[in-house]
file run_6.cif (mmCIF, C-alpha atoms)
data_data
loop_
_atom_site.group_PDB
_atom_site.id
_atom_site.type_symbol
_atom_site.label_atom_id
_atom_site.label_comp_id
_atom_site.auth_asym_id
_atom_site.auth_seq_id
_atom_site.Cartn_x
_atom_site.Cartn_y
_atom_site.Cartn_z
ATOM 1 C CA MET A 1213 -32.349 -20.084 -11.707
ATOM 2 C CA SER A 1214 -31.749 -18.113 -14.875
ATOM 3 C CA ASN A 1215 -28.862 -16.278 -13.226
ATOM 4 C CA SER A 1216 -26.994 -19.459 -12.252
ATOM 5 C CA PRO A 1217 -24.819 -19.716 -15.398
ATOM 6 C CA GLN A 1218 -23.921 -16.069 -15.085
ATOM 7 C CA ARG A 1219 -23.005 -16.460 -11.401
ATOM 8 C CA GLU A 1220 -20.844 -19.442 -12.278
ATOM 9 C CA LYS A 1221 -19.041 -17.354 -14.886
ATOM 10 C CA VAL A 1222 -18.400 -14.741 -12.220
ATOM 11 C CA ARG A 1223 -16.967 -17.378 -9.887
ATOM 12 C CA GLU A 1224 -14.694 -18.687 -12.622
ATOM 13 C CA HIS A 1225 -13.591 -15.136 -13.482
ATOM 14 C CA VAL A 1226 -12.697 -14.435 -9.859
ATOM 15 C CA ARG A 1227 -10.775 -17.697 -9.518
ATOM 16 C CA ALA A 1228 -8.932 -17.553 -12.829
ATOM 17 C CA PRO A 1229 -5.996 -15.311 -13.739
ATOM 18 C CA GLY A 1230 -7.036 -12.225 -15.647
ATOM 19 C CA PRO A 1231 -5.356 -9.405 -17.543
ATOM 20 C CA HIS A 1232 -4.668 -7.504 -14.334
ATOM 21 C CA GLY A 1233 -2.886 -10.308 -12.478
ATOM 22 C CA ALA A 1234 -3.280 -13.688 -10.863
ATOM 23 C CA GLY A 1235 -6.446 -15.079 -9.346
ATOM 24 C CA ARG A 1236 -7.784 -13.444 -6.223
ATOM 25 C CA THR A 1237 -7.310 -14.926 -2.778
ATOM 26 C CA ARG A 1238 -10.543 -16.339 -1.367
ATOM 27 C CA GLY A 1239 -11.451 -16.109 2.302
ATOM 28 C CA ALA A 1240 -10.669 -13.534 4.969
ATOM 29 C CA GLY A 1241 -7.790 -15.561 6.403
ATOM 30 C CA GLY A 1242 -6.133 -15.946 3.016
ATOM 31 C CA ALA A 1243 -6.516 -12.250 2.276
ATOM 32 C CA VAL A 1244 -4.957 -11.251 5.611
ATOM 33 C CA ALA A 1245 -2.052 -13.645 5.038
ATOM 34 C CA LEU A 1246 -1.494 -12.258 1.538
ATOM 35 C CA ILE A 1247 -1.551 -8.651 2.788
ATOM 36 C CA ALA A 1248 0.890 -9.532 5.576
ATOM 37 C CA ALA A 1249 3.268 -11.260 3.163
ATOM 38 C CA THR A 1250 3.100 -8.352 0.720
ATOM 39 C CA ALA A 1251 3.721 -5.881 3.563
ATOM 40 C CA LEU A 1252 7.052 -7.591 4.275
ATOM 41 C CA ALA A 1253 8.420 -6.012 1.092
ATOM 42 C CA PRO A 1254 8.077 -2.305 2.038
ATOM 43 C CA ALA A 1255 8.957 -3.187 5.629
ATOM 44 C CA SER A 1256 12.258 -4.659 4.435
ATOM 45 C CA TRP A 1257 12.881 -1.587 2.261
ATOM 46 C CA GLY A 1258 12.597 0.474 5.429
ATOM 47 C CA THR A 1259 15.838 -1.119 6.658
ATOM 48 C CA THR A 1260 17.791 0.309 3.713
ATOM 49 C CA TYR A 1261 18.773 3.593 5.369
ATOM 50 C CA ALA A 1262 20.152 1.910 8.510
ATOM 51 C CA VAL A 1263 22.013 -0.746 6.508
ATOM 52 C CA THR A 1264 23.467 1.908 4.204
ATOM 53 C CA THR A 1265 24.683 4.207 6.987
ATOM 54 C CA GLU A 1266 25.960 1.490 9.319
ATOM 55 C CA LEU A 1267 27.403 -1.171 7.012
ATOM 56 C CA LEU A 1268 28.073 0.156 3.514
ATOM 57 C CA PRO A 1269 30.996 2.304 2.324
ATOM 58 C CA PRO A 1270 29.909 5.945 1.823
ATOM 59 C CA GLY A 1271 29.672 7.638 -1.546
ATOM 60 C CA HIS A 1272 28.470 4.664 -3.612
ATOM 61 C CA PRO A 1273 24.646 4.642 -3.529
ATOM 62 C CA LEU A 1274 24.314 3.609 -7.189
ATOM 63 C CA PHE A 1275 26.626 0.653 -6.629
ATOM 64 C CA ALA A 1276 24.346 -0.336 -3.729
ATOM 65 C CA ALA A 1277 21.333 0.012 -6.029
ATOM 66 C CA VAL A 1278 22.951 -2.206 -8.665
ATOM 67 C CA MET A 1279 23.854 -4.814 -6.037
ATOM 68 C CA ARG A 1280 20.289 -4.695 -4.776
ATOM 69 C CA SER A 1281 18.792 -5.404 -8.191
ATOM 70 C CA LEU A 1282 21.031 -7.004 -10.818
ATOM 71 C CA PRO A 1283 22.481 -10.077 -8.983
ATOM 72 C CA GLY A 1284 19.074 -11.018 -7.579
ATOM 73 C CA GLY A 1285 17.445 -10.533 -10.968
ATOM 74 C CA LEU A 1286 19.984 -12.776 -12.678
ATOM 75 C CA LEU A 1287 19.595 -15.374 -9.915
ATOM 76 C CA LEU A 1288 15.824 -15.439 -10.420
ATOM 77 C CA LEU A 1289 16.291 -15.814 -14.170
ATOM 78 C CA LEU A 1290 18.574 -18.773 -13.487
ATOM 79 C CA LEU A 1291 16.161 -20.376 -11.016
ATOM 80 C CA THR A 1292 12.974 -19.876 -13.030
ATOM 81 C CA ARG A 1293 14.554 -20.403 -16.465
ATOM 82 C CA VAL A 1294 11.805 -18.284 -18.011
ATOM 83 C CA LEU A 1295 12.581 -15.411 -20.376
ATOM 84 C CA PRO A 1296 10.125 -12.815 -21.684
ATOM 85 C CA ARG A 1297 8.448 -13.482 -25.009
ATOM 86 C CA GLY A 1298 7.032 -11.128 -27.597
ATOM 87 C CA ALA A 1299 5.783 -7.850 -26.157
ATOM 88 C CA TRP A 1300 6.996 -8.831 -22.712
ATOM 89 C CA TRP A 1301 10.554 -7.888 -23.651
ATOM 90 C CA TRP A 1302 9.645 -4.207 -23.857
ATOM 91 C CA LYS A 1303 7.050 -4.423 -21.084
ATOM 92 C CA SER A 1304 9.657 -5.890 -18.719
ATOM 93 C CA ALA A 1305 12.109 -3.159 -19.690
ATOM 94 C CA VAL A 1306 9.509 -0.455 -18.999
ATOM 95 C CA LEU A 1307 8.464 -1.965 -15.670
ATOM 96 C CA GLY A 1308 12.073 -2.546 -14.605
ATOM 97 C CA ALA A 1309 12.967 1.038 -15.435
ATOM 98 C CA LEU A 1310 9.939 2.409 -13.552
ATOM 99 C CA ASN A 1311 9.947 0.123 -10.500
ATOM 100 C CA ILE A 1312 13.718 -0.250 -10.077
ATOM 101 C CA GLY A 1313 16.034 1.865 -12.233
ATOM 102 C CA ALA A 1314 14.319 5.271 -12.248
ATOM 103 C CA VAL A 1315 13.155 4.963 -8.637
ATOM 104 C CA TYR A 1316 16.631 4.271 -7.244
ATOM 105 C CA ALA A 1317 18.300 6.953 -9.371
ATOM 106 C CA LEU A 1318 15.721 9.665 -8.576
ATOM 107 C CA LEU A 1319 15.565 8.853 -4.884
ATOM 108 C CA PHE A 1320 19.368 9.036 -4.813
ATOM 109 C CA VAL A 1321 19.155 12.605 -6.115
ATOM 110 C CA ALA A 1322 16.439 13.442 -3.574
ATOM 111 C CA ALA A 1323 18.469 11.963 -0.723
ATOM 112 C CA GLU A 1324 21.504 13.997 -1.750
ATOM 113 C CA LEU A 1325 19.623 17.322 -1.906
ATOM 114 C CA LEU A 1326 17.010 16.921 0.840
ATOM 115 C CA PRO A 1327 16.976 15.924 4.497
ATOM 116 C CA GLY A 1328 15.819 12.355 5.056
ATOM 117 C CA GLY A 1329 12.537 13.514 6.588
ATOM 118 C CA VAL A 1330 11.572 15.562 3.542
ATOM 119 C CA ALA A 1331 12.525 12.763 1.135
ATOM 120 C CA GLY A 1332 10.589 10.208 3.187
ATOM 121 C CA THR A 1333 7.494 12.417 3.347
ATOM 122 C CA LEU A 1334 7.554 12.915 -0.431
ATOM 123 C CA ALA A 1335 7.753 9.152 -0.908
ATOM 124 C CA ALA A 1336 4.725 8.741 1.392
ATOM 125 C CA ILE A 1337 2.404 10.473 -1.089
ATOM 126 C CA GLN A 1338 2.821 7.532 -3.454
ATOM 127 C CA PRO A 1339 -0.484 5.868 -2.371
ATOM 128 C CA ILE A 1340 -2.355 8.969 -3.520
ATOM 129 C CA MET A 1341 -0.600 8.792 -6.898
ATOM 130 C CA VAL A 1342 -1.474 5.086 -7.208
ATOM 131 C CA ALA A 1343 -5.148 5.780 -6.492
ATOM 132 C CA LEU A 1344 -5.285 8.524 -9.146
ATOM 133 C CA LEU A 1345 -3.350 6.527 -11.746
ATOM 134 C CA ALA A 1346 -5.663 3.542 -11.188
ATOM 135 C CA VAL A 1347 -8.518 5.736 -12.382
ATOM 136 C CA ALA A 1348 -6.644 6.791 -15.541
ATOM 137 C CA VAL A 1349 -4.985 3.470 -16.445
ATOM 138 C CA LEU A 1350 -7.230 0.764 -14.965
ATOM 139 C CA ARG A 1351 -10.470 2.715 -15.434
ATOM 140 C CA GLU A 1352 -11.328 2.242 -11.769
ATOM 141 C CA ARG A 1353 -13.739 4.649 -10.178
ATOM 142 C CA VAL A 1354 -12.307 7.359 -7.925
ATOM 143 C CA SER A 1355 -11.885 5.924 -4.422
ATOM 144 C CA VAL A 1356 -12.478 8.897 -2.137
ATOM 145 C CA TRP A 1357 -11.997 6.545 0.803
ATOM 146 C CA ARG A 1358 -8.482 5.482 -0.205
ATOM 147 C CA ILE A 1359 -7.409 8.922 -1.407
ATOM 148 C CA GLY A 1360 -8.536 10.358 1.933
ATOM 149 C CA TRP A 1361 -6.638 7.744 3.907
ATOM 150 C CA GLY A 1362 -3.650 8.192 1.598
ATOM 151 C CA ILE A 1363 -3.549 11.873 2.541
ATOM 152 C CA ALA A 1364 -3.903 10.947 6.218
ATOM 153 C CA GLY A 1365 -1.057 8.448 5.891
ATOM 154 C CA ALA A 1366 1.246 11.016 4.293
ATOM 155 C CA VAL A 1367 0.422 13.477 7.092
ATOM 156 C CA GLY A 1368 1.162 10.784 9.662
ATOM 157 C CA VAL A 1369 4.522 9.953 8.103
ATOM 158 C CA GLY A 1370 5.346 13.657 7.961
ATOM 159 C CA LEU A 1371 4.640 14.009 11.686
ATOM 160 C CA VAL A 1372 6.977 11.100 12.416
ATOM 161 C CA ILE A 1373 9.996 12.008 10.302
ATOM 162 C CA LEU A 1374 9.694 15.641 9.192
ATOM 163 C CA GLY A 1375 11.778 17.881 11.464
ATOM 164 C CA PRO A 1376 10.944 21.537 12.158
ATOM 165 C CA GLY A 1377 14.157 22.762 10.512
ATOM 166 C CA ALA A 1378 13.754 20.814 7.291
ATOM 167 C CA ARG A 1379 15.036 22.709 4.267
ATOM 168 C CA LEU A 1380 13.636 22.417 0.773
ATOM 169 C CA ASP A 1381 15.527 22.242 -2.517
ATOM 170 C CA GLY A 1382 13.577 22.632 -5.749
ATOM 171 C CA VAL A 1383 15.485 20.006 -7.707
ATOM 172 C CA GLY A 1384 15.426 17.619 -4.760
ATOM 173 C CA VAL A 1385 11.661 18.003 -4.328
ATOM 174 C CA LEU A 1386 11.081 17.373 -8.047
ATOM 175 C CA ALA A 1387 13.326 14.297 -7.915
ATOM 176 C CA GLY A 1388 11.481 12.962 -4.862
ATOM 177 C CA LEU A 1389 8.089 13.487 -6.482
ATOM 178 C CA ALA A 1390 9.299 11.938 -9.751
ATOM 179 C CA GLY A 1391 10.666 8.912 -7.890
ATOM 180 C CA ALA A 1392 7.352 8.383 -6.085
ATOM 181 C CA GLY A 1393 5.477 8.880 -9.346
ATOM 182 C CA SER A 1394 7.728 6.448 -11.198
ATOM 183 C CA MET A 1395 7.066 3.652 -8.717
ATOM 184 C CA ALA A 1396 3.343 4.487 -8.572
ATOM 185 C CA LEU A 1397 3.087 4.189 -12.365
ATOM 186 C CA GLY A 1398 5.137 0.981 -12.230
ATOM 187 C CA ILE A 1399 2.733 -0.508 -9.669
ATOM 188 C CA VAL A 1400 -0.337 0.375 -11.739
ATOM 189 C CA LEU A 1401 1.164 -0.889 -15.021
ATOM 190 C CA THR A 1402 2.260 -4.112 -13.287
ATOM 191 C CA LYS A 1403 -1.376 -4.604 -12.285
ATOM 192 C CA HIS A 1404 -2.669 -3.565 -15.717
ATOM 193 C CA TRP A 1405 -0.416 -5.887 -17.723
ATOM 194 C CA GLY A 1406 -0.563 -8.765 -15.247
ATOM 195 C CA ARG A 1407 1.611 -11.755 -16.082
ATOM 196 C CA PRO A 1408 1.758 -14.044 -19.103
ATOM 197 C CA ALA A 1409 0.083 -17.422 -18.694
ATOM 198 C CA GLY A 1410 2.317 -19.856 -16.821
ATOM 199 C CA VAL A 1411 4.671 -17.144 -15.531
ATOM 200 C CA GLY A 1412 4.949 -16.764 -11.763
ATOM 201 C CA PRO A 1413 5.882 -13.736 -9.656
ATOM 202 C CA GLY A 1414 9.463 -15.023 -9.353
ATOM 203 C CA ALA A 1415 10.033 -14.812 -13.093
ATOM 204 C CA LEU A 1416 8.316 -11.416 -13.284
ATOM 205 C CA ALA A 1417 10.515 -10.100 -10.466
ATOM 206 C CA GLY A 1418 13.592 -11.505 -12.203
ATOM 207 C CA TRP A 1419 12.759 -9.715 -15.447
ATOM 208 C CA GLN A 1420 12.215 -6.384 -13.723
ATOM 209 C CA LEU A 1421 15.201 -6.563 -11.370
ATOM 210 C CA THR A 1422 17.496 -7.452 -14.266
ATOM 211 C CA ALA A 1423 16.121 -4.664 -16.463
ATOM 212 C CA GLY A 1424 16.338 -2.137 -13.631
ATOM 213 C CA GLY A 1425 19.883 -3.202 -12.780
ATOM 214 C CA LEU A 1426 20.940 -2.806 -16.409
ATOM 215 C CA VAL A 1427 19.493 0.728 -16.391
ATOM 216 C CA LEU A 1428 21.489 1.559 -13.252
ATOM 217 C CA LEU A 1429 24.763 -0.034 -14.354
ATOM 218 C CA PRO A 1430 25.900 2.677 -16.830
ATOM 219 C CA LEU A 1431 24.808 5.391 -14.377
ATOM 220 C CA MET A 1432 26.972 3.773 -11.715
ATOM 221 C CA VAL A 1433 29.998 3.640 -14.031
ATOM 222 C CA LEU A 1434 29.451 7.234 -15.171
ATOM 223 C CA PHE A 1435 28.944 8.862 -11.767
ATOM 224 C CA GLU A 1436 30.822 6.591 -9.335
ATOM 225 C CA GLY A 1437 33.512 4.855 -11.335
ATOM 226 C CA ALA A 1438 35.114 1.762 -9.834
ATOM 227 C CA PRO A 1439 33.262 -0.178 -7.111
ATOM 228 C CA PRO A 1440 34.377 0.430 -3.508
ATOM 229 C CA ARG A 1441 36.628 -1.894 -1.548
ATOM 230 C CA LEU A 1442 34.538 -4.262 0.547
ATOM 231 C CA ASP A 1443 35.026 -5.432 4.116
ATOM 232 C CA GLY A 1444 32.964 -7.952 6.068
ATOM 233 C CA ALA A 1445 30.364 -5.392 7.134
ATOM 234 C CA ALA A 1446 29.878 -4.185 3.559
ATOM 235 C CA VAL A 1447 29.472 -7.735 2.249
ATOM 236 C CA THR A 1448 26.836 -8.389 4.926
ATOM 237 C CA GLY A 1449 25.001 -5.186 4.015
ATOM 238 C CA TYR A 1450 24.990 -5.870 0.283
ATOM 239 C CA LEU A 1451 23.804 -9.444 0.880
ATOM 240 C CA TRP A 1452 20.920 -8.147 2.978
ATOM 241 C CA LEU A 1453 19.920 -5.557 0.378
ATOM 242 C CA GLY A 1454 20.232 -8.032 -2.489
ATOM 243 C CA THR A 1455 18.319 -10.903 -0.860
ATOM 244 C CA VAL A 1456 15.815 -9.736 1.772
ATOM 245 C CA GLY A 1457 15.432 -6.223 0.346
ATOM 246 C CA GLY A 1458 15.993 -7.369 -3.230
ATOM 247 C CA PHE A 1459 14.638 -10.459 -4.928
ATOM 248 C CA ILE A 1460 12.726 -11.890 -1.922
ATOM 249 C CA ALA A 1461 10.932 -8.589 -1.288
ATOM 250 C CA HIS A 1462 10.136 -8.068 -4.970
ATOM 251 C CA VAL A 1463 8.747 -11.584 -5.448
ATOM 252 C CA LEU A 1464 6.381 -10.977 -2.505
ATOM 253 C CA TRP A 1465 5.585 -7.478 -3.801
ATOM 254 C CA PHE A 1466 4.681 -8.488 -7.366
ATOM 255 C CA ARG A 1467 2.709 -11.473 -6.067
ATOM 256 C CA GLY A 1468 0.665 -9.101 -3.916
ATOM 257 C CA ILE A 1469 0.139 -6.586 -6.728
ATOM 258 C CA GLY A 1470 -1.279 -9.381 -8.888
ATOM 259 C CA ARG A 1471 -3.826 -10.509 -6.290
ATOM 260 C CA LEU A 1472 -4.727 -7.449 -4.205
ATOM 261 C CA PRO A 1473 -6.486 -4.228 -5.230
ATOM 262 C CA VAL A 1474 -3.758 -1.975 -6.577
ATOM 263 C CA THR A 1475 -4.726 1.009 -4.419
ATOM 264 C CA ALA A 1476 -4.679 -1.158 -1.294
ATOM 265 C CA THR A 1477 -1.216 -2.440 -2.198
ATOM 266 C CA GLY A 1478 0.002 1.123 -2.684
ATOM 267 C CA MET A 1479 -1.000 1.958 0.908
ATOM 268 C CA LEU A 1480 1.456 -0.648 2.192
ATOM 269 C CA VAL A 1481 4.343 1.553 0.998
ATOM 270 C CA LEU A 1482 3.744 3.675 4.113
ATOM 271 C CA LEU A 1483 5.475 0.928 6.087
ATOM 272 C CA SER A 1484 8.851 1.776 4.564
ATOM 273 C CA PRO A 1485 9.401 5.238 6.138
ATOM 274 C CA LEU A 1486 7.754 4.089 9.378
ATOM 275 C CA VAL A 1487 10.131 1.135 9.740
ATOM 276 C CA ALA A 1488 13.073 3.390 8.873
ATOM 277 C CA ALA A 1489 12.027 5.881 11.567
ATOM 278 C CA LEU A 1490 11.500 3.118 14.135
ATOM 279 C CA ILE A 1491 14.922 1.577 13.471
ATOM 280 C CA GLY A 1492 16.545 5.006 13.626
ATOM 281 C CA ALA A 1493 14.941 5.723 16.993
ATOM 282 C CA LEU A 1494 16.006 2.343 18.371
ATOM 283 C CA MET A 1495 19.577 2.742 17.110
ATOM 284 C CA LEU A 1496 19.885 6.242 18.575
ATOM 285 C CA GLY A 1497 18.115 5.330 21.801
ATOM 286 C CA GLU A 1498 15.675 8.209 21.392
ATOM 287 C CA ALA A 1499 12.020 8.099 22.381
ATOM 288 C CA PHE A 1500 9.308 9.355 20.060
ATOM 289 C CA THR A 1501 7.715 12.661 20.991
ATOM 290 C CA PRO A 1502 3.917 12.745 21.539
ATOM 291 C CA GLY A 1503 3.530 14.293 18.084
ATOM 292 C CA GLN A 1504 5.586 11.525 16.488
ATOM 293 C CA LEU A 1505 3.578 8.840 18.297
ATOM 294 C CA ALA A 1506 0.354 10.442 17.065
ATOM 295 C CA GLY A 1507 1.729 10.512 13.505
ATOM 296 C CA PHE A 1508 2.859 6.884 13.750
ATOM 297 C CA GLY A 1509 -0.608 5.830 14.909
ATOM 298 C CA LEU A 1510 -2.317 7.886 12.195
ATOM 299 C CA ALA A 1511 -0.144 6.333 9.471
ATOM 300 C CA LEU A 1512 -0.843 2.802 10.728
ATOM 301 C CA VAL A 1513 -4.592 3.434 10.909
ATOM 302 C CA ALA A 1514 -4.495 4.852 7.363
ATOM 303 C CA LEU A 1515 -2.557 1.825 6.124
ATOM 304 C CA LEU A 1516 -5.069 -0.611 7.642
ATOM 305 C CA ALA A 1517 -8.146 1.376 6.611
ATOM 306 C CA GLY A 1518 -6.851 1.615 3.056
ATOM 307 C CA GLN A 1519 -6.922 -2.177 2.662
ATOM 308 C CA SER A 1520 -10.670 -2.041 2.092
ATOM 309 C CA ASP A 1521 -13.141 0.365 0.525
ATOM 310 C CA PRO A 1522 -16.699 0.310 1.896
ATOM 311 C CA GLY A 1523 -17.958 1.837 -1.352
ATOM 312 C CA GLN A 1524 -16.666 -0.947 -3.595
ATOM 313 C CA ARG A 1525 -18.947 -3.651 -4.946
ATOM 314 C CA PRO A 1526 -16.554 -6.147 -6.533
ATOM 315 C CA VAL A 1527 -19.175 -8.836 -7.258
ATOM 316 C CA ALA A 1528 -21.461 -6.395 -9.044
ATOM 317 C CA ARG A 1529 -18.544 -5.119 -11.112
ATOM 318 C CA GLU A 1530 -17.620 -8.684 -12.121
ATOM 319 C CA VAL A 1531 -21.253 -9.339 -13.150
ATOM 320 C CA ARG A 1532 -21.238 -6.251 -15.350
ATOM 321 C CA ASN A 1533 -17.979 -7.409 -16.954
ATOM 322 C CA VAL A 1534 -19.487 -10.829 -17.706
ATOM 323 C CA ARG A 1535 -22.546 -9.238 -19.286
ATOM 324 C CA ARG A 1536 -20.352 -7.273 -21.648
#
call {"tool": "encode", "arguments": {"input": "run_6.cif", "output": "structure tokens"}}
result
Amino acid sequence: MSNSPQREKVREHVRAPGPHGAGRTRGAGGAVALIAATALAPASWGTTYAVTTELLPPGHPLFAAVMRSLPGGLLLLLLTRVLPRGAWWWKSAVLGALNIGAVYALLFVAAELLPGGVAGTLAAIQPIMVALLAVAVLRERVSVWRIGWGIAGAVGVGLVILGPGARLDGVGVLAGLAGAGSMALGIVLTKHWGRPAGVGPGALAGWQLTAGGLVLLPLMVLFEGAPPRLDGAAVTGYLWLGTVGGFIAHVLWFRGIGRLPVTATGMLVLLSPLVAALIGALMLGEAFTPGQLAGFGLALVALLAGQSDPGQRPVAREVRNVRR
């Protein structure tokens, strides 16, 4: 009976928003639904390559990045009518630069200098970076389980999309690693800083998309000049990137980061290169080789296994936090 008040404090702590995000989802069904909704974000990002090659005018990737971020960010600001306050002005700028601006710019460099398979494989190591950064920033214990499955997932993605004749470029590899690291740090800091009281994931996504778009805008003007001429296909492509792959995906993504373990959320990023490879195979009418099928299965198993950690004891950790 003496532990009852303490247990009640734990329950309230689990239900209530904390410094690392919104309250946690209770129940297995709710958790599965939240994971599935969050997974829609990286799955939609996996359509970017096909949309870019089939619908968008060539030679303007930064314009595409701006269209994917800035209009949706401004629309969310208009809909939510919530602006950052105090320290959240600079926090939003940092998160927008990490999650949107730097990622798009660095991945553009990687895509220009590396084959798609190499760039996609480099991006697939992001879950490992998230797991390591969670130890340094969030003071979480090292999750050997998730790091191991993160490595397995990266190997699986490599088997699916990495061709035998892939060439390496030093600058391209560094850009790809930096892009993955930028988003990994953005994910962990988003979890660490959480959201201000009364601010939903829509407002948070609006702040970051706007900040990231403003980072990309001068780069677009400097390196690409005037926007391209648009036809019907291009308008359709930019609308898809700006809505489904833009503000809708990011609202779902930041909502999931706030409620799910950050390392588990990072594993969902593996869906992006897998969806891109699947769409590419369907568009080209090519069947996967046995090695590619094995890699696809390995990556999916890693993604699912990484959603839990048998070694974690979340209730015990919450009790220790209450005692402090």
call {"tool": "resolve_selection", "arguments": {"input": "run_6.cif", "expression": "the PyMOL selection byres ((chain A and resi 1287-1300) around 9)", "output": "list in words"}}
result
Leu1282, Pro1283, Gly1284, Gly1285, Leu1286, Trp1301, Trp1302, Lys1303, Ser1304, Ala1305, Pro1408, Val1411, Gly1412, Gly1414, Ala1415, Leu1416, Ala1417, Gly1418, Trp1419, Leu1421, Thr1422 and Phe1459 of chain A
call {"tool": "write_last_selection", "arguments": {"input": "run_6.cif", "atoms": "C-alpha atoms", "output": "compact mmCIF listing (two decimals), keeping the file's coordinate frame"}}
result
# COMPACT_ATOMS: atom_id res chain seq x y z
CA LEU A 1282 21.03 -7.00 -10.82
CA PRO A 1283 22.48 -10.08 -8.98
CA GLY A 1284 19.07 -11.02 -7.58
CA GLY A 1285 17.44 -10.53 -10.97
CA LEU A 1286 19.98 -12.78 -12.68
CA TRP A 1301 10.55 -7.89 -23.65
CA TRP A 1302 9.64 -4.21 -23.86
CA LYS A 1303 7.05 -4.42 -21.08
CA SER A 1304 9.66 -5.89 -18.72
CA ALA A 1305 12.11 -3.16 -19.69
CA PRO A 1408 1.76 -14.04 -19.10
CA VAL A 1411 4.67 -17.14 -15.53
CA GLY A 1412 4.95 -16.76 -11.76
CA GLY A 1414 9.46 -15.02 -9.35
CA ALA A 1415 10.03 -14.81 -13.09
CA LEU A 1416 8.32 -11.42 -13.28
CA ALA A 1417 10.52 -10.10 -10.47
CA GLY A 1418 13.59 -11.50 -12.20
CA TRP A 1419 12.76 -9.72 -15.45
CA LEU A 1421 15.20 -6.56 -11.37
CA THR A 1422 17.50 -7.45 -14.27
CA PHE A 1459 14.64 -10.46 -4.93
call {"tool": "closest_residue", "arguments": {"input": "run_6.cif", "among": "A:Leu1442, A:Leu1389, A:Leu1453, A:Leu1431", "to": "Met1279 (chain A)", "atoms": "all atoms listed in the file"}}
result
A:Leu1453
call {"tool": "closest_residue", "arguments": {"input": "run_6.cif", "among": "A:Met1495, A:Ala1438, A:Leu1486, A:Leu1319", "to": "Leu1386 (chain A)", "atoms": "only C-alpha atoms"}}
result
A:Leu1319
call {"tool": "resolve_selection", "arguments": {"input": "run_6.cif", "expression": "the PyMOL selection byres ((chain A and resi 1505) around 12)", "output": "PyMOL selection string"}}
result
chain A and resi 1368-1373+1486+1489-1490+1493+1499-1504+1506-1512
call {"tool": "resolve_selection", "arguments": {"input": "run_6.cif", "expression": "the PyMOL selection byres ((chain A and resi 1475) around 12)", "output": "PyMOL selection string"}}
result
chain A and resi 1338-1347+1350+1352-1362+1396-1397+1399-1400+1403+1468-1474+1476-1481+1515+1517-1521
call {"tool": "closest_residue", "arguments": {"input": "run_6.cif", "among": "A:Pro1522, A:Gly1425, A:Pro1485, A:Pro1440", "to": "Ala1309 (chain A)", "atoms": "all atoms listed in the file"}}
result
A:Gly1425
call {"tool": "atom_distance", "arguments": {"input": "run_6.cif", "atom1": "CA of Thr1264 (chain A)", "atom2": "CA of Ala1249 (chain A)"}}
result
24.1 Å
